[in-house]
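Structure first, then comments.
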Amino acid sequence: TSLTINGINPNTEVRVYRSSDDTEVGGVENSVGNSASINYTFTTPEQFYIVIHNEQYTTSPRLINFTTQSSAATLTVFQQVDRTFNIPT
């Protein structure tokens with residue numbers, strides 16, 4: 001089964017953690033394009049939380065609670081340029 005997150009910018013990091021023990025169970029280091037897909041094996045519904053990070057953008061929502069399901073799921077987030085981000089020279 002897969003989870004697709006839409007609305008992200010390239011090079012965004014997405015991490016998925018199991019809520020019960022904070023174990024990282026998957027993720028994408030640097031997204032390509034405007035979405036990221038994460039595959040998982042479904043047996044029973046489980047609670048996870050998803051953290052989305054890109055230092056050049058703010059993300060809303062940055063932290064998402066997600067319950068696994070037997071069919072593919074899609075979540076949409078919004079990223080906008082972080083006006084306080086500064087690349088050191």
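Going through the structure tokens in order, the chains are called A, B, and so on, while each chain numbers its residues from 1 and the ligands are numbered from 1 in the order shown.
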Between range 46-86 of chain A and range 4-25 of chain A, at 6 Å or less, what are the per-residue closest atom pairs and their distances in Å? Count only C-alpha atoms, order by chain and rising residue number, and return it as a tab-separated table.
```
residue	atom	partner	partner_atom	distance
A:Gln47	CA	A:Ser19	CA	5.5
A:Phe48	CA	A:Arg18	CA	4.4
A:Tyr49	CA	A:Tyr17	CA	5.4
A:Ile50	CA	A:Val16	CA	4.5
A:Val51	CA	A:Arg15	CA	5.2
A:Ile52	CA	A:Val14	CA	4.7
A:His53	CA	A:Glu13	CA	5.2
A:Asn54	CA	A:Thr12	CA	4.8
A:Thr74	CA	A:Thr4	CA	4.7
A:Leu75	CA	A:Ile5	CA	4.8
A:Thr76	CA	A:Asn6	CA	4.7
A:Val77	CA	A:Gly7	CA	5.1
A:Phe78	CA	A:Gly7	CA	5.5
```
I need the strand (DSSP E or B) residues of chain A per DSSP on the backbone, written as a short mmCIF file (atom, residue, chain, number, x, y, z; two decimals) with C-alpha atoms, in the first residue's frame.
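Output file states-v5.cif is given in full below:
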```cif
data_model
loop_
_atom_site.label_atom_id
_atom_site.label_comp_id
_atom_site.auth_asym_id
_atom_site.auth_seq_id
_atom_site.Cartn_x
_atom_site.Cartn_y
_atom_site.Cartn_z
CA SER A 2 1.23 3.53 -0.58
CA LEU A 3 0.93 7.00 0.86
CA THR A 4 1.47 9.93 -1.51
CA ILE A 5 2.11 13.43 -0.21
CA ASN A 6 1.36 16.18 -2.75
CA GLU A 13 12.57 15.61 3.31
CA VAL A 14 9.64 13.47 4.47
CA ARG A 15 9.92 11.15 7.50
CA VAL A 16 7.33 8.70 8.83
CA TYR A 17 7.39 7.55 12.47
CA ARG A 18 5.31 4.97 14.34
CA GLU A 24 11.24 5.81 11.96
CA VAL A 25 9.55 3.45 9.50
CA GLY A 26 10.14 5.19 6.18
CA GLY A 27 10.72 8.38 4.36
CA VAL A 28 12.19 10.28 1.46
CA SER A 35 5.15 14.74 -4.47
CA ALA A 36 6.65 11.92 -2.46
CA SER A 37 5.40 8.33 -2.20
CA ILE A 38 6.05 6.01 0.70
CA ASN A 39 5.15 2.33 0.55
CA GLN A 47 -0.96 5.29 13.98
CA PHE A 48 1.95 7.17 12.44
CA TYR A 49 3.08 10.76 12.30
CA ILE A 50 4.75 12.37 9.32
CA VAL A 51 7.29 15.18 9.52
CA ILE A 52 7.94 17.32 6.44
CA HIS A 53 11.02 19.55 6.25
CA ASN A 54 12.67 21.80 3.70
CA TYR A 57 10.12 26.54 2.74
CA THR A 58 7.62 26.56 5.54
CA THR A 59 5.13 23.67 5.40
CA SER A 60 1.53 23.61 6.53
CA LEU A 63 3.40 17.44 11.32
CA ILE A 64 0.62 15.11 10.15
CA ASN A 65 -1.04 12.26 12.04
CA PHE A 66 -1.88 9.33 9.79
CA THR A 67 -3.61 5.98 10.30
CA ALA A 73 -3.91 7.29 0.46
CA THR A 74 -3.05 10.82 -0.63
CA LEU A 75 -2.34 13.81 1.60
CA THR A 76 -1.84 17.38 0.41
CA PHE A 78 1.18 23.59 1.29
CA GLN A 79 4.71 24.98 1.20
CA GLN A 80 5.68 28.60 0.81
CA VAL A 81 9.05 30.31 0.65
#
```
Of the candidates A:Val32, A:Pro61, A:Pro45, A:Gln56, which shows the shortest atom-to-atom distance to Thr84 in chain A, using only C-alpha atoms?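 Distance minimum relative to Thr84 in chain A lands on A:Gln56.
The spacing separating CA of Asp82 in chain A from CA of Arg62 in chain A amounts to 13.1 Å.
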What gap, in Å, lies between CA of Gln69 in chain A and CA of Tyr40 in chain A?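 These atoms are spaced 9.7 Å apart.
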I'd like the interatomic distance between CA of Glu29 in chain A and CA of Ser71 in chain A, to a tenth of an Å.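 According to the coordinates, CA of Glu29 in chain A and CA of Ser71 in chain A are separated by 24.1 Å.
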